[in-house]
Amino acid sequence: MSHNASDNNTLPMWEKIAETKRSSREAAIPAEWRLQPGQIPESQLNVINVPAECGILTARETNITETTAAVLVQKLISREYSSHEVTLAFCKRAAISQQLVNCLSEIFFETALEAAQRLDAEYAASGIVRGPLHGLPVSLKDCFKIEATDATIGYTAFANKPTLKDEESEITKIMRQSGAILFCKTNVPLALMAGETYNAIYGYTSNPYNRNLSSGGSSGGESALLALRGSPLGVGTDVGGSIRIPASFCGLYSLKPSSGRFPTYGLRDGLEGQESVRNSVGPLSPSLDSLSMWSQAVVGSEPWIGADPDCLYIPWRNVETPKKLCFGLLLDDGIVKPLPPVTRALLKTKAALEKAGHTVIEFKIDDPLYTDNLKFALYRSAAAELLDSTLAQTGEPWPRGFEMLAEMVKNKAKSQNNDEVHSSNSSATVLQLWKAQVKRTEFAKQMIQSWAETKMRSETGREMDALLMPCSPWPASERYKYSYDNYTSLWNVLDYCATTIPVTYVSPAEDKKSSHEGRNELETKIWKEYSPENMEGCPVAVQLVGRRLHEEYLLEVTKACDNALKSCM
């Protein structure tokens, strides 16, 4: 929405702030990088090829932006490309991406180009490579603090409060020390608390494969940008699926580590101080190799020494996987059966793995909603109060989709006014939190036992190497329809590591709507609303889950799975 200057005086405080932020973001895109009015009609849903075809990039810039991050680093070190020209190409492509799907929050292209120029000059003089990400442009999710930029995480209350140099996130510093060039930050939902990306400042970030669909959340600006190749490598965070959901919706590889492997210190967190379900930082990319490259760079910086007191002293481990692997397979959690494209992707992956000589065995989770029922006490209750007090600072209203949290705040106020006993929608007590944490640990014990018991069925003499399962019931949800995260959030509560692998695309011919008797109201609704025609061409991904703190091993197992899929193409 736009207003003229005279209208601005009558706007509520939060709207004025939002309008100013949008205007400054708009002004950061040079005129020569802008699409012509009407060049891409609103009705064009699939815009994935627009950056390469719109005429703004040169042929060389198109080649650069379609090269994987790991190969770009090699070409930067060999001086085939300069960091300045690579950064310029990605700045231009990110600007195009922003105009197509509204994926950026903070734009600092000029600062990035100056940094790239300095790196090139330094390299020409010394011949010494800056680090494992030498000269590579890297995008960061909005919650990472970068000097001279805001980290609003979708709140107008946090706008126009630029980060000072000594307040930067540890990941920001490590990226620079590793030689990366930071050039933009990406859009998120309010407080990072949704499975799709929209807020009062910047609005909705859509999926570049179909702009009627979600790009996921909360790292949805990141996933949309990466899908359009506006960045070769991005960094997100995940406390309930916030890396894996967007990666799966946009056809990307990603890694959600266990907490303690990569530093989270210095982030702007929507749930600061919440430690029952720990946040984690991880990479997303169109290429699998980039995940290992980023992970090794971060662990190689030894963040446990001085960067983050929560980082574990686990140097990077070079692992080899056995030739024959065993994968557990979970097709349905018993609550919301995935839609036909997701089931087809899982079965396609199973067939590819078996063809490659691996075994696939059934794996079930007893009481799959067990952890979901703990979330109120573990974090939702306090989150509602925190959001309410922050929104109130600028009079910003509760956004669509946050009704449950808004209701909790209302109920708490009622119960305090009436001296009533707290309802299940008011605040959890510390004692309730402790009890929930005991139950969480009991469930974690059951899970490690179930995992260990797969050794009896694996045909390899070992337990299963990873669990193959959905990321979400949808390939990508329609706008404002995301409503179920248990396929991902379960593993945050248990702190396992997980990856995503893009497998296929939605095909109305292969993914016909079938009759499925819903076992509950939510499942019935999701299946009733399913239309393969509305999702045509949308990527479909799967999730691989590994044991806690087994990131190196899981990345190798993911590579074996990806190779099996590629050999069947």
# chains A, B, ... in the order shown; residues from 1 in each chain; ligands from 1

$ residues_around --residues "Ala345 of chain A" --least-positions-apart "5" --cutoff "7 Å" --atoms "only C-alpha atoms" --output "list in words"
Val503, Thr504, Val540, Ala541 and Val542 of chain A

$ residues_around --residues "segment 138-152 of chain A" --least-positions-apart "4" --cutoff "7 Å" --atoms "only C-alpha atoms" --output "VMD selection string"
chain A and resid 105 to 106 156 158 to 165 168 to 169 172 180 to 188 219 222 231 to 236 267 to 269

$ residues_around --residues "segment 205-212 of chain A" --least-positions-apart "6" --cutoff "10 Å" --atoms "only C-alpha atoms" --output "mmCIF file with N, CA, C and O atoms, in the first residue's frame"
data_model
loop_
_atom_site.group_PDB
_atom_site.id
_atom_site.type_symbol
_atom_site.label_atom_id
_atom_site.label_comp_id
_atom_site.auth_asym_id
_atom_site.auth_seq_id
_atom_site.Cartn_x
_atom_site.Cartn_y
_atom_site.Cartn_z
ATOM 1 N N GLU A 42 1.273 -9.423 -13.316
ATOM 2 C CA GLU A 42 0.920 -9.994 -12.005
ATOM 3 C C GLU A 42 0.399 -11.416 -12.161
ATOM 4 O O GLU A 42 0.599 -12.263 -11.297
ATOM 5 N N SER A 43 -0.262 -11.662 -13.282
ATOM 6 C CA SER A 43 -0.892 -12.974 -13.508
ATOM 7 C C SER A 43 0.131 -14.069 -13.812
ATOM 8 O O SER A 43 -0.199 -15.247 -13.814
ATOM 9 N N GLN A 44 1.390 -13.694 -14.085
ATOM 10 C CA GLN A 44 2.417 -14.715 -14.358
ATOM 11 C C GLN A 44 2.855 -15.311 -13.024
ATOM 12 O O GLN A 44 3.514 -14.653 -12.223
ATOM 13 N N LEU A 45 2.489 -16.564 -12.809
ATOM 14 C CA LEU A 45 2.745 -17.184 -11.502
ATOM 15 C C LEU A 45 4.163 -17.729 -11.387
ATOM 16 O O LEU A 45 4.813 -17.556 -10.367
ATOM 17 N N ASN A 46 4.663 -18.391 -12.427
ATOM 18 C CA ASN A 46 6.009 -18.960 -12.378
ATOM 19 C C ASN A 46 7.010 -17.931 -12.919
ATOM 20 O O ASN A 46 6.966 -17.571 -14.094
ATOM 21 N N VAL A 47 7.881 -17.447 -12.028
ATOM 22 C CA VAL A 47 8.845 -16.414 -12.439
ATOM 23 C C VAL A 47 10.277 -16.908 -12.301
ATOM 24 O O VAL A 47 11.222 -16.127 -12.286
ATOM 25 N N ILE A 48 10.451 -18.214 -12.203
ATOM 26 C CA ILE A 48 11.763 -18.780 -11.894
ATOM 27 C C ILE A 48 12.812 -18.445 -12.967
ATOM 28 O O ILE A 48 13.996 -18.295 -12.670
ATOM 29 N N ASN A 49 12.383 -18.309 -14.222
ATOM 30 C CA ASN A 49 13.349 -18.029 -15.297
ATOM 31 C C ASN A 49 13.477 -16.547 -15.641
ATOM 32 O O ASN A 49 14.279 -16.176 -16.501
ATOM 33 N N VAL A 50 12.691 -15.702 -14.984
ATOM 34 C CA VAL A 50 12.701 -14.268 -15.318
ATOM 35 C C VAL A 50 14.083 -13.628 -15.146
ATOM 36 O O VAL A 50 14.534 -12.897 -16.029
ATOM 37 N N SER A 97 15.082 -10.434 -8.138
ATOM 38 C CA SER A 97 14.313 -11.366 -7.292
ATOM 39 C C SER A 97 13.368 -10.611 -6.367
ATOM 40 O O SER A 97 12.208 -10.995 -6.192
ATOM 41 N N GLN A 98 13.877 -9.539 -5.769
ATOM 42 C CA GLN A 98 13.065 -8.728 -4.868
ATOM 43 C C GLN A 98 11.814 -8.191 -5.585
ATOM 44 O O GLN A 98 10.707 -8.210 -5.043
ATOM 45 N N LEU A 100 10.280 -9.521 -7.978
ATOM 46 C CA LEU A 100 9.384 -10.614 -8.382
ATOM 47 C C LEU A 100 8.618 -11.224 -7.208
ATOM 48 O O LEU A 100 7.435 -11.553 -7.346
ATOM 49 N N VAL A 101 9.302 -11.399 -6.062
ATOM 50 C CA VAL A 101 8.668 -12.158 -4.969
ATOM 51 C C VAL A 101 8.756 -11.488 -3.596
ATOM 52 O O VAL A 101 8.331 -12.067 -2.607
ATOM 53 N N ASN A 102 9.346 -10.254 -3.538
ATOM 54 C CA ASN A 102 9.367 -9.512 -2.280
ATOM 55 C C ASN A 102 10.139 -10.270 -1.192
ATOM 56 O O ASN A 102 9.615 -10.551 -0.116
ATOM 57 N N CYS A 103 11.411 -10.588 -1.480
ATOM 58 C CA CYS A 103 12.167 -11.476 -0.587
ATOM 59 C C CYS A 103 13.201 -10.779 0.299
ATOM 60 O O CYS A 103 13.711 -11.398 1.233
ATOM 61 N N LEU A 104 13.533 -9.528 0.026
ATOM 62 C CA LEU A 104 14.613 -8.872 0.775
ATOM 63 C C LEU A 104 14.070 -7.975 1.885
ATOM 64 O O LEU A 104 13.000 -7.383 1.759
ATOM 65 N N THR A 186 17.257 -11.069 4.326
ATOM 66 C CA THR A 186 16.016 -11.554 3.704
ATOM 67 C C THR A 186 14.833 -11.552 4.667
ATOM 68 O O THR A 186 14.984 -11.653 5.877
ATOM 69 N N ASN A 187 13.650 -11.478 4.070
ATOM 70 C CA ASN A 187 12.405 -11.276 4.802
ATOM 71 C C ASN A 187 12.021 -12.484 5.666
ATOM 72 O O ASN A 187 12.344 -13.630 5.340
ATOM 73 N N VAL A 188 11.292 -12.182 6.753
ATOM 74 C CA VAL A 188 10.865 -13.197 7.729
ATOM 75 C C VAL A 188 9.446 -12.872 8.202
ATOM 76 O O VAL A 188 8.993 -11.734 8.077
ATOM 77 N N PRO A 189 8.747 -13.851 8.792
ATOM 78 C CA PRO A 189 7.474 -13.536 9.450
ATOM 79 C C PRO A 189 7.733 -12.886 10.812
ATOM 80 O O PRO A 189 8.842 -12.974 11.350
ATOM 81 N N GLU A 196 5.241 -19.526 7.054
ATOM 82 C CA GLU A 196 5.309 -18.749 5.807
ATOM 83 C C GLU A 196 5.735 -17.335 6.174
ATOM 84 O O GLU A 196 5.778 -16.978 7.351
ATOM 85 N N THR A 197 6.057 -16.519 5.168
ATOM 86 C CA THR A 197 6.774 -15.275 5.430
ATOM 87 C C THR A 197 5.964 -14.047 5.053
ATOM 88 O O THR A 197 5.726 -13.792 3.876
ATOM 89 N N TYR A 198 5.535 -13.295 6.076
ATOM 90 C CA TYR A 198 4.834 -12.031 5.871
ATOM 91 C C TYR A 198 4.894 -11.227 7.162
ATOM 92 O O TYR A 198 4.952 -11.792 8.251
ATOM 93 N N ASN A 199 4.917 -9.909 7.041
ATOM 94 C CA ASN A 199 4.913 -9.034 8.218
ATOM 95 C C ASN A 199 4.362 -7.675 7.837
ATOM 96 O O ASN A 199 4.139 -7.388 6.657
ATOM 97 N N GLY A 220 11.786 -17.721 4.803
ATOM 98 C CA GLY A 220 11.136 -17.733 3.483
ATOM 99 C C GLY A 220 11.667 -16.709 2.504
ATOM 100 O O GLY A 220 11.598 -16.909 1.289
ATOM 101 N N GLY A 221 12.208 -15.592 3.010
ATOM 102 C CA GLY A 221 12.865 -14.643 2.110
ATOM 103 C C GLY A 221 14.133 -15.262 1.550
ATOM 104 O O GLY A 221 14.456 -15.129 0.367
ATOM 105 N N GLU A 222 14.826 -15.979 2.410
ATOM 106 C CA GLU A 222 16.071 -16.664 2.019
ATOM 107 C C GLU A 222 15.795 -17.714 0.940
ATOM 108 O O GLU A 222 16.483 -17.770 -0.085
ATOM 109 N N SER A 223 14.776 -18.551 1.169
ATOM 110 C CA SER A 223 14.498 -19.644 0.211
ATOM 111 C C SER A 223 14.051 -19.097 -1.143
ATOM 112 O O SER A 223 14.457 -19.611 -2.189
ATOM 113 N N ALA A 224 13.236 -18.040 -1.143
ATOM 114 C CA ALA A 224 12.764 -17.461 -2.406
ATOM 115 C C ALA A 224 13.933 -16.859 -3.191
ATOM 116 O O ALA A 224 14.047 -17.040 -4.408
ATOM 117 N N LEU A 225 14.820 -16.155 -2.482
ATOM 118 C CA LEU A 225 16.002 -15.548 -3.117
ATOM 119 C C LEU A 225 16.911 -16.621 -3.715
ATOM 120 O O LEU A 225 17.376 -16.509 -4.859
ATOM 121 N N LEU A 226 17.170 -17.680 -2.945
ATOM 122 C CA LEU A 226 18.063 -18.755 -3.397
ATOM 123 C C LEU A 226 17.474 -19.517 -4.585
ATOM 124 O O LEU A 226 18.198 -19.906 -5.503
ATOM 125 N N ALA A 227 16.154 -19.736 -4.570
ATOM 126 C CA ALA A 227 15.507 -20.438 -5.693
ATOM 127 C C ALA A 227 15.666 -19.660 -6.985
ATOM 128 O O ALA A 227 15.822 -20.238 -8.059
ATOM 129 N N LEU A 228 15.649 -18.328 -6.884
ATOM 130 C CA LEU A 228 15.816 -17.470 -8.066
ATOM 131 C C LEU A 228 17.296 -17.235 -8.395
ATOM 132 O O LEU A 228 17.624 -16.474 -9.300
ATOM 133 N N PRO A 246 10.984 -23.791 4.333
ATOM 134 C CA PRO A 246 11.230 -22.969 3.149
ATOM 135 C C PRO A 246 12.104 -23.657 2.102
ATOM 136 O O PRO A 246 11.865 -23.517 0.901
ATOM 137 N N PHE A 249 9.833 -26.035 0.221
ATOM 138 C CA PHE A 249 8.858 -25.340 -0.627
ATOM 139 C C PHE A 249 9.506 -24.769 -1.887
ATOM 140 O O PHE A 249 8.847 -24.608 -2.914
ATOM 141 N N CYS A 250 10.807 -24.439 -1.794
ATOM 142 C CA CYS A 250 11.480 -23.764 -2.921
ATOM 143 C C CYS A 250 12.526 -24.637 -3.614
ATOM 144 O O CYS A 250 13.335 -24.146 -4.400
ATOM 145 N N GLY A 251 12.535 -25.949 -3.304
ATOM 146 C CA GLY A 251 13.410 -26.872 -4.043
ATOM 147 C C GLY A 251 14.885 -26.719 -3.740
ATOM 148 O O GLY A 251 15.719 -26.755 -4.641
ATOM 149 N N ALA A 476 4.124 -27.102 -1.274
ATOM 150 C CA ALA A 476 4.170 -25.722 -0.773
ATOM 151 C C ALA A 476 2.719 -25.345 -0.499
ATOM 152 O O ALA A 476 1.828 -25.665 -1.291
ATOM 153 N N SER A 477 2.484 -24.683 0.607
ATOM 154 C CA SER A 477 1.103 -24.352 0.947
ATOM 155 C C SER A 477 0.645 -23.109 0.171
ATOM 156 O O SER A 477 1.473 -22.307 -0.266
ATOM 157 N N GLU A 478 -0.671 -22.978 0.024
ATOM 158 C CA GLU A 478 -1.196 -21.748 -0.556
ATOM 159 C C GLU A 478 -1.030 -20.631 0.470
ATOM 160 O O GLU A 478 -0.876 -20.885 1.669
ATOM 161 N N ARG A 479 -1.085 -19.389 -0.005
ATOM 162 C CA ARG A 479 -0.881 -18.233 0.884
ATOM 163 C C ARG A 479 -1.807 -18.278 2.106
ATOM 164 O O ARG A 479 -3.003 -18.499 1.953
ATOM 165 N N TYR A 505 8.769 -32.363 -9.102
ATOM 166 C CA TYR A 505 7.860 -31.211 -9.203
ATOM 167 C C TYR A 505 6.425 -31.727 -9.262
ATOM 168 O O TYR A 505 6.178 -32.840 -9.726
ATOM 169 N N ASN A 534 -3.427 -26.175 -8.957
ATOM 170 C CA ASN A 534 -2.994 -24.918 -8.314
ATOM 171 C C ASN A 534 -1.532 -24.952 -7.884
ATOM 172 O O ASN A 534 -0.984 -23.934 -7.479
ATOM 173 N N MET A 535 -0.913 -26.153 -7.947
ATOM 174 C CA MET A 535 0.483 -26.286 -7.498
ATOM 175 C C MET A 535 1.394 -26.743 -8.629
ATOM 176 O O MET A 535 2.550 -27.080 -8.387
ATOM 177 N N GLU A 536 0.906 -26.773 -9.836
ATOM 178 C CA GLU A 536 1.667 -27.343 -10.959
ATOM 179 C C GLU A 536 3.067 -26.716 -11.046
ATOM 180 O O GLU A 536 3.225 -25.508 -10.963
ATOM 181 N N GLY A 537 4.080 -27.579 -11.187
ATOM 182 C CA GLY A 537 5.456 -27.098 -11.344
ATOM 183 C C GLY A 537 6.161 -26.751 -10.050
ATOM 184 O O GLY A 537 7.345 -26.397 -10.049
ATOM 185 N N CYS A 538 5.458 -26.870 -8.930
ATOM 186 C CA CYS A 538 6.054 -26.540 -7.628
ATOM 187 C C CYS A 538 7.031 -27.652 -7.208
ATOM 188 O O CYS A 538 6.748 -28.835 -7.389
ATOM 189 N N PRO A 539 8.196 -27.305 -6.655
ATOM 190 C CA PRO A 539 9.138 -28.348 -6.215
ATOM 191 C C PRO A 539 8.557 -29.205 -5.095
ATOM 192 O O PRO A 539 7.724 -28.734 -4.310
#

$ closest_residue --among "A:Ala297, A:Gly38, A:Glu61, A:Arg93" --to "Gly131 of chain A" --atoms "only C-alpha atoms"
A:Ala297

$ residues_around --residues "Phe90 of chain A" --least-positions-apart "6" --cutoff "8 Å" --atoms "only C-alpha atoms" --output "PyMOL selection string"
chain A and resi 65+137+229-231

$ residues_around --residues "segment 555-561 of chain A" --least-positions-apart "3" --cutoff "7 Å" --atoms "only C-alpha atoms" --output "MDAnalysis selection string"
chainID A and resid 321 353 551:552 564:565

$ write_last_selection --atoms "N, CA, C and O atoms" --output "PDB file, in the first residue's frame"
ATOM      1  N   THR A 321      30.874 -43.079   4.689  1.00  0.00           N
ATOM      2  CA  THR A 321      29.682 -43.897   4.924  1.00  0.00           C
ATOM      3  C   THR A 321      29.905 -45.274   4.312  1.00  0.00           C
ATOM      4  O   THR A 321      30.578 -45.401   3.287  1.00  0.00           O
ATOM      5  N   LEU A 353      16.767 -45.439  -3.848  1.00  0.00           N
ATOM      6  CA  LEU A 353      17.701 -45.973  -2.847  1.00  0.00           C
ATOM      7  C   LEU A 353      17.835 -47.490  -2.989  1.00  0.00           C
ATOM      8  O   LEU A 353      18.945 -48.033  -2.931  1.00  0.00           O
ATOM      9  N   GLU A 551      25.997 -34.341  12.232  1.00  0.00           N
ATOM     10  CA  GLU A 551      25.853 -33.541  11.010  1.00  0.00           C
ATOM     11  C   GLU A 551      26.746 -34.022   9.864  1.00  0.00           C
ATOM     12  O   GLU A 551      26.292 -34.134   8.719  1.00  0.00           O
ATOM     13  N   GLU A 552      28.017 -34.326  10.159  1.00  0.00           N
ATOM     14  CA  GLU A 552      28.935 -34.756   9.100  1.00  0.00           C
ATOM     15  C   GLU A 552      28.436 -36.046   8.444  1.00  0.00           C
ATOM     16  O   GLU A 552      28.441 -36.181   7.216  1.00  0.00           O
ATOM     17  N   ALA A 564      21.702 -41.329  -5.589  1.00  0.00           N
ATOM     18  CA  ALA A 564      20.772 -42.398  -5.996  1.00  0.00           C
ATOM     19  C   ALA A 564      19.616 -41.814  -6.814  1.00  0.00           C
ATOM     20  O   ALA A 564      19.226 -42.371  -7.852  1.00  0.00           O
ATOM     21  N   LEU A 565      19.099 -40.686  -6.373  1.00  0.00           N
ATOM     22  CA  LEU A 565      18.002 -40.024  -7.105  1.00  0.00           C
ATOM     23  C   LEU A 565      18.468 -39.550  -8.475  1.00  0.00           C
ATOM     24  O   LEU A 565      17.779 -39.733  -9.481  1.00  0.00           O
TER      25      LEU A 565
END
